[in-house]
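Scroll down for the structure; my scribbles are underneath it.
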2 protein chains.
Amino acid sequence: MSADLKHRILSRVQADLVAVEAALRENLGAHLPIVSDVAGHLLFSGGKRLRPLLMVLSARLCGYGGGREIFFSTVFEYLHTATLLHDDLVDGAVLRRGRKAAHAVWGNEVAVLVGDFLLARSLTIASDTGMTDVIKVIAGITESMSQGEIHQLTRKKHLDLAETEYLEIIRRKTAVLMEGACRVGALISGADERRTAALTAYGHHLGMAFQMADDLLDYTADTAILGKTVGADLREGKLTLPVIRALSAAGDDDRKTMERIITDGDFSVDDFNTLVGLLVSCGGIDAARAAAEGHVNAAKAELSAFADSPYRDTLKDIADYALSRKH
Amino acid sequence: MSADLKHRILSRVQADLVAVEAALRENLGAHLPIVSDVAGHLLFSGGKRLRPLLMVLSARLCGYGGGREIFFSTVFEYLHTATLLHDDLVDGAVLRRGRKAAHAVWGNEVAVLVGDFLLARSLTIASDTGMTDVIKVIAGITESMSQGEIHQLTRKKHLDLAETEYLEIIRRKTAVLMEGACRVGALISGADERRTAALTAYGHHLGMAFQMADDLLDYTADTAILGKTVGADLREGKLTLPVIRALSAAGDDDRKTMERIITDGDFSVDDFNTLVGLLVSCGGIDAARAAAEGHVNAAKAELSAFADSPYRDTLKDIADYALSRKH
């Protein structure tokens, strides 16, 4: 089902993806070769281009005819890449999409500064829309994402991380960007408030589902397919929904075992497998999957504000894909 | 003379400085206490508020009467603080304004993310002007500064750094921000092209003079007054104008001595004093001071586009202050 879904989405958006790819190369606008090299290392490493695509599809769904949607959509990939550069550094992640992370190749200094450049680049392009409400969305995304990351950072290894706090963190660090991409697609099209709100809500729920699915993959995928190390979240002390739910449902013994493994920064493979077993038996995996499904369904429901169209179908498929993907 | 000049400037701008200070606290808009703490550590550590002041004075000089100049001017202090946070991390600097650098207190991760937040915050406020040409200036400043820093980083310890390359680096990392502050002051006032260009050029020359003076202080000040370690540039492998000019004027023996000290990352106090002696005797210090003076004079000359006024006088004084300050 997942492969079919992916194939169906890709067959519909292929021309847009090619155009986005070309625009990403064309608009990078770097003055120094090293900036292009470092930005390109991550920017052209097989990303899904989901965020630009969300903006383009949202604009099309709202009948946009200005001809600049591909150009504007690069904002969301530059922004995404900037935050990945900084986040990998913050998390000390060594791998990203199966390649060495940029900070591990060029050093922290260069990764920080190239991230800054990409943030600024995305805002320069956003300012080209000439629409201050669009620019506010873009600036607001970065404000939100940086604070979400800081929040997560300060709550690492805290076993008492509440579910509401986890939800606020993933909203800020992931959902706000997808929400923003969909919202900007509506704004540049001059869509009315009802449809703008519907696409904004679609993007929010999609982002929540994507991050929840991502957090699940950290326990259920294997490293080769994922392109990064399984169990990485836990090793960094990040508590995610499967763990939060399992901890709250577990009996004393199981909870103590989980807590010991979570607080041990250097757990063994056996320990990790024990933990995954407990996440399953205490219902953490199922509960997290159910929560993600709830957001997938909520996202799809928002699309009823629009008449049937190929764009609506693709956005629906993307919502289903959020949870069915393997990496 | 320096103390008099400073006193005269301060007496004229005191009310504005108080207002800027209050606006900086009011507009920070941080969601998390730790973001306010980290941003505030550097933001409220005795900075001169020179950049907001340049915007405010430029706007007044152009007859701005919109009443929002103090609010908008915070953009330039947030932007400046964001880049200081990231630069101190990039440079591994331990002290800033006599206090421990933020990355040394809270760690690199938090310094990166709070810097990102401040960059975004400055753009949110800029978007509030509703003027896309203003927003483009702000986004362009960050693009330029990040690339200036990267350029400098990749050319550390390169003894063949050309003067043109040094000038391009300091233009990007320092002058563009002061230039932008003055330009935005003119833009929000609806100044005509000639006066906008004059203020833009004033800001450019002021920025060049400020950075050249800063680079001189690294050899001529003492640590207690400077609030950071004297000789820090050299220890980081940054070649600045006094060194570039001295190297090009020196005879073989003196050049070899200088090159040995420059390439030795861990030089002694005696070595440093030897180097400073050679910078003086080979004319590097005088040449760098003369270059800075040239920019001070060019900055003041641009102000002839404006009729005599207290604002023009203060901008003139600020140009003189650039070179006479002790820290």
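Letters A, B, ... mark the chains of the structure tokens in the order given; residue numbers begin at 1 per chain; ligand numbers begin at 1, in order shown.
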
With a cut-off of 8 Å, could you pull out the residues of chain B touching chain A and give me the nearest pair of atoms for each, distance in Å to one decimal, using only C-alpha atoms, ordered by chain and ascending number, as a Markdown table?
| residue | atom | partner | partner_atom | distance |
| --- | --- | --- | --- | --- |
| B:His31 | CA | A:Gln147 | CA | 7.3 |
| B:Leu32 | CA | A:Gln147 | CA | 7.2 |
| B:Val35 | CA | A:Gln147 | CA | 7.5 |
| B:His86 | CA | A:Val112 | CA | 7.2 |
| B:Leu89 | CA | A:Glu109 | CA | 7.4 |
| B:Val90 | CA | A:Glu109 | CA | 4.7 |
| B:Asp91 | CA | A:Glu109 | CA | 8.0 |
| B:Asn108 | CA | A:Val90 | CA | 7.5 |
| B:Glu109 | CA | A:Val90 | CA | 4.7 |
| B:Val110 | CA | A:Ile150 | CA | 6.5 |
| B:Val112 | CA | A:Val112 | CA | 7.0 |
| B:Leu113 | CA | A:Ser146 | CA | 5.3 |
| B:Val114 | CA | A:Ser146 | CA | 6.9 |
| B:Asp116 | CA | A:Ser146 | CA | 6.2 |
| B:Phe117 | CA | A:Glu143 | CA | 4.9 |
| B:Leu118 | CA | A:Glu143 | CA | 7.7 |
| B:Ala120 | CA | A:Ala139 | CA | 5.1 |
| B:Arg121 | CA | A:Glu143 | CA | 6.4 |
| B:Leu123 | CA | A:Ala139 | CA | 5.8 |
| B:Thr124 | CA | A:Ala139 | CA | 5.3 |
| B:Ser127 | CA | A:Thr132 | CA | 5.7 |
| B:Asp128 | CA | A:Thr132 | CA | 7.5 |
| B:Gly130 | CA | A:Thr132 | CA | 5.7 |
| B:Met131 | CA | A:Thr132 | CA | 7.6 |
| B:Thr132 | CA | A:Gly130 | CA | 5.7 |
| B:Ile135 | CA | A:Ser127 | CA | 6.3 |
| B:Lys136 | CA | A:Thr124 | CA | 5.7 |
| B:Ala139 | CA | A:Ala120 | CA | 5.1 |
| B:Gly140 | CA | A:Thr124 | CA | 6.6 |
| B:Thr142 | CA | A:Ala120 | CA | 5.6 |
| B:Glu143 | CA | A:Phe117 | CA | 4.9 |
| B:Ser144 | CA | A:Phe117 | CA | 7.9 |
| B:Ser146 | CA | A:Leu113 | CA | 5.3 |
| B:Gln147 | CA | A:Phe117 | CA | 7.0 |
| B:Glu149 | CA | A:Leu113 | CA | 7.4 |
| B:Ile150 | CA | A:Val110 | CA | 6.5 |
| B:His151 | CA | A:Leu32 | CA | 7.5 |

I need the chosen residues saved as a tab-separated table (two decimals), in the first residue's frame, with N, CA and C atoms.
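Result file again-v2.tsv:
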chain	number	residue	atom	x	y	z
B	31	HIS	N	8.89	33.07	23.91
B	31	HIS	CA	7.87	32.20	24.46
B	31	HIS	C	8.40	31.49	25.71
B	32	LEU	N	9.70	31.21	25.71
B	32	LEU	CA	10.31	30.46	26.80
B	32	LEU	C	11.23	31.35	27.63
B	35	VAL	N	14.92	31.46	26.60
B	35	VAL	CA	15.23	32.28	25.42
B	35	VAL	C	15.47	33.73	25.84
B	86	HIS	N	26.27	33.89	17.32
B	86	HIS	CA	26.82	32.87	16.41
B	86	HIS	C	28.31	33.07	16.18
B	89	LEU	N	30.53	31.86	19.04
B	89	LEU	CA	30.60	30.41	18.98
B	89	LEU	C	31.58	29.98	17.89
B	90	VAL	N	31.43	30.61	16.71
B	90	VAL	CA	32.31	30.28	15.58
B	90	VAL	C	33.77	30.56	15.93
B	91	ASP	N	34.00	31.68	16.61
B	91	ASP	CA	35.37	32.07	16.95
B	91	ASP	C	35.89	31.41	18.21
B	108	ASN	N	26.85	25.44	23.11
B	108	ASN	CA	26.73	25.83	21.70
B	108	ASN	C	25.30	25.69	21.18
B	109	GLU	N	24.63	24.62	21.59
B	109	GLU	CA	23.30	24.32	21.06
B	109	GLU	C	22.35	25.48	21.31
B	110	VAL	N	22.32	25.91	22.56
B	110	VAL	CA	21.39	26.99	22.92
B	110	VAL	C	21.79	28.30	22.23
B	112	VAL	N	23.23	28.65	19.34
B	112	VAL	CA	22.80	28.56	17.93
B	112	VAL	C	21.31	28.88	17.82
B	113	LEU	N	20.52	28.24	18.66
B	113	LEU	CA	19.06	28.33	18.51
B	113	LEU	C	18.53	29.70	18.95
B	114	VAL	N	19.12	30.29	19.99
B	114	VAL	CA	18.68	31.62	20.40
B	114	VAL	C	19.10	32.65	19.33
B	116	ASP	N	19.18	31.98	16.15
B	116	ASP	CA	18.15	31.79	15.11
B	116	ASP	C	16.87	32.53	15.48
B	117	PHE	N	16.50	32.41	16.74
B	117	PHE	CA	15.28	33.08	17.20
B	117	PHE	C	15.40	34.59	17.00
B	118	LEU	N	16.54	35.17	17.36
B	118	LEU	CA	16.71	36.62	17.23
B	118	LEU	C	16.73	37.06	15.77
B	120	ALA	N	15.05	35.61	13.41
B	120	ALA	CA	13.65	35.55	13.00
B	120	ALA	C	12.85	36.70	13.60
B	121	ARG	N	13.16	37.02	14.86
B	121	ARG	CA	12.45	38.10	15.55
B	121	ARG	C	12.67	39.42	14.81
B	123	LEU	N	13.21	39.82	11.73
B	123	LEU	CA	12.47	39.82	10.48
B	123	LEU	C	10.98	39.98	10.68
B	124	THR	N	10.48	39.46	11.79
B	124	THR	CA	9.07	39.65	12.11
B	124	THR	C	8.78	41.14	12.31
B	127	SER	N	8.91	42.98	9.06
B	127	SER	CA	7.73	42.78	8.22
B	127	SER	C	6.58	43.68	8.68
B	128	ASP	N	6.68	44.14	9.92
B	128	ASP	CA	5.67	45.04	10.46
B	128	ASP	C	5.73	46.44	9.83
B	130	GLY	N	5.61	46.81	6.80
B	130	GLY	CA	4.76	46.69	5.62
B	130	GLY	C	5.46	47.13	4.35
B	131	MET	N	6.77	47.33	4.41
B	131	MET	CA	7.53	47.79	3.23
B	131	MET	C	8.49	46.71	2.78
B	132	THR	N	8.22	46.15	1.59
B	132	THR	CA	9.06	45.02	1.18
B	132	THR	C	10.50	45.44	0.87
B	135	ILE	N	12.21	45.10	4.14
B	135	ILE	CA	12.40	43.69	4.49
B	135	ILE	C	13.55	43.08	3.69
B	136	LYS	N	13.65	43.46	2.42
B	136	LYS	CA	14.75	42.95	1.60
B	136	LYS	C	16.10	43.40	2.12
B	139	ALA	N	16.81	41.10	5.21
B	139	ALA	CA	17.18	39.73	4.82
B	139	ALA	C	18.56	39.74	4.14
B	140	GLY	N	18.81	40.76	3.33
B	140	GLY	CA	20.09	40.86	2.63
B	140	GLY	C	21.26	41.04	3.59
B	142	THR	N	21.57	39.73	6.58
B	142	THR	CA	21.93	38.43	7.14
B	142	THR	C	22.64	37.55	6.11
B	143	GLU	N	22.17	37.58	4.87
B	143	GLU	CA	22.86	36.83	3.80
B	143	GLU	C	24.31	37.27	3.72
B	144	SER	N	24.49	38.58	3.74
B	144	SER	CA	25.82	39.13	3.56
B	144	SER	C	26.72	38.82	4.76
B	146	SER	N	26.54	36.42	7.04
B	146	SER	CA	26.92	35.01	7.18
B	146	SER	C	28.02	34.66	6.18
B	147	GLN	N	27.91	35.21	4.98
B	147	GLN	CA	28.94	34.90	3.99
B	147	GLN	C	30.27	35.59	4.30
B	149	GLU	N	31.40	36.12	7.31
B	149	GLU	CA	32.00	35.31	8.37
B	149	GLU	C	32.61	34.02	7.82
B	150	ILE	N	31.88	33.39	6.88
B	150	ILE	CA	32.39	32.15	6.29
B	150	ILE	C	33.68	32.44	5.51
B	151	HIS	N	33.66	33.53	4.77
B	151	HIS	CA	34.85	33.91	4.01
B	151	HIS	C	36.05	34.06	4.95

message: Please extract the residues of segment 128-314 of chain B with a backbone DSSP assignment of helix (DSSP H, G or I) and present them as a PyMOL selection string.
response: chain B and resi 132-154+163-188+193-220+223-226+232-235+241-249+252-263+269-281+284-305+310-314

Could you tell me, as a CSV table (one decimal) with N, CA and C atoms, in the first residue's frame, which residues of segment 9-162 of chain B DSSP assigns to strand (DSSP E) when given the backbone?
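Below you can see states-v2.csv, which holds the result:
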chain,number,residue,atom,x,y,z
B,95,LEU,N,35.1,35.6,26.1
B,95,LEU,CA,34.6,36.8,26.7
B,95,LEU,C,33.9,37.7,25.7
B,96,ARG,N,32.9,38.4,26.1
B,96,ARG,CA,32.2,39.4,25.3
B,96,ARG,C,31.7,40.5,26.2
B,99,ARG,N,31.9,39.9,29.9
B,99,ARG,CA,31.2,38.7,30.5
B,99,ARG,C,31.5,37.5,29.7
B,100,LYS,N,31.2,36.3,30.4
B,100,LYS,CA,31.4,35.1,29.7
B,100,LYS,C,30.4,35.0,28.5

task: Write out as a VMD selection string which residues come within 6 Å of segment 311-323 of chain A when counting only C-alpha atoms, dropping same-chain ones fewer than 4 positions away.
output: chain A and resid 57 61 206 210 213 296 300

Output file for the selection above: C-alpha atoms, as a short mmCIF file (atom, residue, chain, number, x, y, z; two decimals), in the first residue's frame:
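Writing done, so here's out-v9.cif:
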data_model
loop_
_atom_site.label_atom_id
_atom_site.label_comp_id
_atom_site.auth_asym_id
_atom_site.auth_seq_id
_atom_site.Cartn_x
_atom_site.Cartn_y
_atom_site.Cartn_z
CA LEU A 57 -0.36 22.08 -4.30
CA LEU A 61 -5.96 24.06 -5.14
CA LEU A 206 -0.17 16.80 8.57
CA PHE A 210 4.56 13.44 10.19
CA ALA A 213 5.35 8.97 12.47
CA VAL A 296 -4.10 12.12 9.40
CA LYS A 300 -8.07 14.91 5.36
#

field: Separation of atom CA of Met178 of chain A from atom CA of Gly207 of chain A, in Å and rounded to one decimal
entry: 5.6 Å

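Going from atom CA of Lys157 of chain B to atom CA of Ala104 of chain B covers 24.1 Å.
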
message: If we count only C-alpha atoms and set the cut-off at 8 Å, which residues sit around Thr196 of chain A, ignoring sequence neighbours fewer than 5 positions away in its own chain? Please answer as a list in words.
response: Arg183, Ala186, Leu187 and Ala191 of chain A

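Distances to Ala288 of chain A were evaluated for A:Ala301, A:Met208, A:Leu10, A:Leu241 using only C-alpha atoms, and the minimum falls at A:Leu241.
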
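For Gly47 of chain B, the set of protein, DNA and RNA residues having any atom at most 12 Å away, when counting only C-alpha atoms and skipping those fewer than 3 positions along the same chain, is Leu17, Val20, Glu21, Leu24, Gly40, His41, Leu42, Leu43, Phe44, Leu50, Arg51, Pro52, Leu53, Glu77, Tyr78, His80, Thr81, Leu84, Arg96, Arg97, Gly98, Arg99, Gly227 and His327 of chain B.
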
Selected residues written out, N, CA and C atoms, as a short mmCIF file (atom, residue, chain, number, x, y, z; two decimals), in the first residue's frame:
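Saved as result_10.cif:
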data_model
loop_
_atom_site.label_atom_id
_atom_site.label_comp_id
_atom_site.auth_asym_id
_atom_site.auth_seq_id
_atom_site.Cartn_x
_atom_site.Cartn_y
_atom_site.Cartn_z
N LEU B 17 18.01 56.54 23.57
CA LEU B 17 18.62 55.32 24.09
C LEU B 17 17.73 54.66 25.14
N VAL B 20 14.92 53.03 23.25
CA VAL B 20 15.38 51.80 22.56
C VAL B 20 15.50 50.66 23.57
N GLU B 21 16.10 50.97 24.70
CA GLU B 21 16.30 49.97 25.76
C GLU B 21 14.95 49.35 26.17
N LEU B 24 13.56 47.18 23.38
CA LEU B 24 14.26 45.90 23.24
C LEU B 24 13.70 44.88 24.23
N GLY B 40 18.92 37.90 26.60
CA GLY B 40 19.12 39.05 27.48
C GLY B 40 20.53 39.15 28.02
N HIS B 41 21.17 38.00 28.23
CA HIS B 41 22.55 37.97 28.74
C HIS B 41 23.45 38.84 27.87
N LEU B 42 23.30 38.72 26.57
CA LEU B 42 24.13 39.50 25.65
C LEU B 42 23.46 40.83 25.29
N LEU B 43 22.12 40.77 25.14
CA LEU B 43 21.37 41.94 24.69
C LEU B 43 21.45 43.08 25.71
N PHE B 44 21.50 42.72 26.99
CA PHE B 44 21.52 43.75 28.04
C PHE B 44 22.83 43.72 28.82
N LEU B 50 24.37 51.26 19.01
CA LEU B 50 24.77 52.13 17.91
C LEU B 50 23.89 51.92 16.67
N ARG B 51 23.57 50.66 16.37
CA ARG B 51 22.84 50.37 15.14
C ARG B 51 21.40 50.88 15.18
N PRO B 52 20.65 50.63 16.27
CA PRO B 52 19.32 51.24 16.33
C PRO B 52 19.39 52.76 16.26
N LEU B 53 20.39 53.30 16.95
CA LEU B 53 20.55 54.75 16.98
C LEU B 53 20.78 55.31 15.57
N GLU B 77 19.36 45.87 16.54
CA GLU B 77 20.06 45.36 17.72
C GLU B 77 19.84 43.85 17.85
N TYR B 78 18.63 43.37 17.53
CA TYR B 78 18.37 41.93 17.56
C TYR B 78 19.26 41.21 16.54
N HIS B 80 22.10 42.31 15.27
CA HIS B 80 23.48 42.41 15.73
C HIS B 80 23.75 41.37 16.82
N THR B 81 22.83 41.25 17.77
CA THR B 81 23.00 40.30 18.87
C THR B 81 23.00 38.87 18.35
N LEU B 84 26.36 38.20 16.88
CA LEU B 84 27.39 38.08 17.93
C LEU B 84 27.31 36.70 18.59
N ARG B 96 32.86 38.41 26.12
CA ARG B 96 32.18 39.40 25.28
C ARG B 96 31.70 40.49 26.22
N ARG B 97 32.13 41.72 25.97
CA ARG B 97 31.79 42.85 26.85
C ARG B 97 32.10 42.53 28.31
N GLY B 98 33.22 41.85 28.53
CA GLY B 98 33.67 41.56 29.88
C GLY B 98 32.90 40.46 30.60
N ARG B 99 31.92 39.86 29.90
CA ARG B 99 31.17 38.74 30.50
C ARG B 99 31.49 37.47 29.73
N GLY B 227 37.21 44.61 27.19
CA GLY B 227 36.13 43.67 27.54
C GLY B 227 36.28 42.34 26.82
N HIS B 327 37.15 51.22 23.14
CA HIS B 327 36.62 49.84 23.17
C HIS B 327 35.37 49.75 22.32
#

- request: Take atom CA of Val38 of chain A and atom CA of Ser73 of chain A and report the distance between them in Å, one decimal.
  value: 20.8 Å
